[in-house]
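Below: the structure, in structure tokens.
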Amino acid sequence: MKTLLLTAQQKRIFSFLLAHQNVTGSLPTIREIADHFGFKSFNNARQHLRLIEQKGYIRLIANKARGIEIVNKTEKREIRTTHQDNILEFKIPLVGSIAAGKPITAIENIENHIALDKELFKGNNLFALRVKGDSMIDIGVMPNDLAVIRQQQNANNGEVVAVIIDGEATLKRYIKREEFIILHAENKKYEDMFITPDRDFNILGKLVGVIRKY
């Protein structure tokens with residue numbers, strides 16, 4: 001059976017799937033697709049994926065967080081070649097390590113620079129920190145991942161942020177209360193951290209992505 005051609009939007013989405021897999025080692029979630037393309041609901045992303053599936057490029061797997069499989073190898077090579085020809089990369093600093101568990105001392109010297117694909121990471125003031133520990137594994141942030149952070153000094157409730165506490169850095173979900181701040185781990189074996197006003201506390205930035213090597 002002949003594979004049907006993708007529309008321009010479907011081709012952009014399929015190219016994003018390939019680029020995400022190439023950079024991170026895994027295909028994106030529905031949420032990541034919706035966020036990247038600015039869809040108002042997850043159903044919009046799902047509908048595009050269903051149409052791409054019907055045309056024979058992917059297979060959707062039910063009840064799986066990253067339930068997408070690339071099945072059209074020929075088109076995969078063609079789109080990847082086109083994507084690589086037009087890719088725009090930029091470099092961001094890799095600045096030491098950050099704890100996802102107990103806080104560890106932040107290393108402020110730049111260790112290296114890493115190249116990012118502008119299809120995946122947008123905006124300025126980005127930097128990367130290497131994750132140590134397992135307190136954020138339930139949202140897919142694993143030890144030795146590179147956490148890509150957008151530098152900013154404040155955050156909204158529920159966002160995952162890199163913070164400095166008494167001179168030490170950690171990655172946690174930020175929850176603001178009237179009298180204190182909660183830093184919530186995404187791993188049940190870790191208790192919440194309660195940050196009172198007398199602590200030396202600063203937000204480094206918001207987590208915008210993760211890079212993983214296999």
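Identifiers in the structure tokens: chain A, B, ... in order shown; residue index from 1 per chain; ligand index from 1 in order shown.
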When you look at Pro93 in chain A with a cut-off of 9 Å (counting only C-alpha atoms), what residues show up, excluding the ones that are within fewer than 5 positions of it in the same chain? I need them as a ChimeraX atom specification. /A:110-114,126-129
Mind writing the picked residues with C-alpha atoms as an mmCIF file, in the first residue's frame?
```cif
data_model
loop_
_atom_site.group_PDB
_atom_site.id
_atom_site.type_symbol
_atom_site.label_atom_id
_atom_site.label_comp_id
_atom_site.auth_asym_id
_atom_site.auth_seq_id
_atom_site.Cartn_x
_atom_site.Cartn_y
_atom_site.Cartn_z
ATOM 1 C CA ILE A 110 31.337 26.407 33.094
ATOM 2 C CA GLU A 111 32.419 22.828 32.345
ATOM 3 C CA ASN A 112 31.553 22.779 28.672
ATOM 4 C CA HIS A 113 29.044 23.932 26.049
ATOM 5 C CA ILE A 114 26.392 21.719 24.483
ATOM 6 C CA LEU A 126 19.325 28.809 28.724
ATOM 7 C CA PHE A 127 21.924 26.743 30.520
ATOM 8 C CA ALA A 128 22.337 23.081 31.447
ATOM 9 C CA LEU A 129 23.053 21.302 34.718
#
```
Could you name the residues that touch His48 in chain A at 10 Å or less, counting only C-alpha atoms, but leaving out those on the same chain fewer than 4 positions away, as a PyMOL selection string? chain A and resi 9-10+13-14+43-44+52-54
Can you list, as a ChimeraX atom specification, all residues belonging to range 28-199 of chain A that DSSP tags as strand (DSSP E or B)? /A:58-60,68-70,89-99,104-105,112-117,126-132,146-151,160-165,168-176,181-184,193-195
Between A:Thr24, A:Thr7, A:Gln152, A:Gln47, which is the closest to Lys213 in chain A once you count only C-alpha atoms?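 The answer is A:Thr24, which sits nearest to Lys213 in chain A.
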Mind dumping a table of every range 112-141 of chain A residue within 6 Å of range 187-210 of chain A, with the nearest atom pair and its distance in Å to one decimal, using only C-alpha atoms, sorted by chain and rising number, as a Markdown table?
```
| residue | atom | partner | partner_atom | distance |
| --- | --- | --- | --- | --- |
| A:Ser135 | CA | A:Asn187 | CA | 5.0 |
| A:Met136 | CA | A:Asn187 | CA | 5.8 |
| A:Asp138 | CA | A:Asn187 | CA | 5.8 |
```
The selected residues should be written to file as a short mmCIF file (atom, residue, chain, number, x, y, z; two decimals), in the first residue's frame (atoms: C-alpha atoms).
```
data_model
loop_
_atom_site.label_atom_id
_atom_site.label_comp_id
_atom_site.auth_asym_id
_atom_site.auth_seq_id
_atom_site.Cartn_x
_atom_site.Cartn_y
_atom_site.Cartn_z
CA SER A 135 14.17 12.42 43.43
CA MET A 136 12.56 13.53 40.13
CA ASP A 138 8.56 10.03 38.40
#
```
Do you know which residues are at most 12 Å from Ile61 in chain A counting only C-alpha atoms, after dropping those on the same chain fewer than 4 positions away, and could you put them as a VMD selection string? chain A and resid 29 to 30 46 49 to 50 53 65 to 70
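Of the listed residues A:Phe90, A:Arg177, A:Ala99, A:Asn157, the one whose atoms come nearest to Leu120 in chain A is A:Phe90, with distances taken using only C-alpha atoms.
Ranking A:Ile137, A:Ile92, A:Leu51, A:Leu6 by their shortest atom-to-atom distance to Gln151 in chain A, with only C-alpha atoms included, puts A:Ile92 first.
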Report the residues of range 19-195 of chain A whose backbone DSSP state falls under alpha helix (DSSP H), written as a PyMOL selection string. chain A and resi 19-24+30-37+42-54+73-86
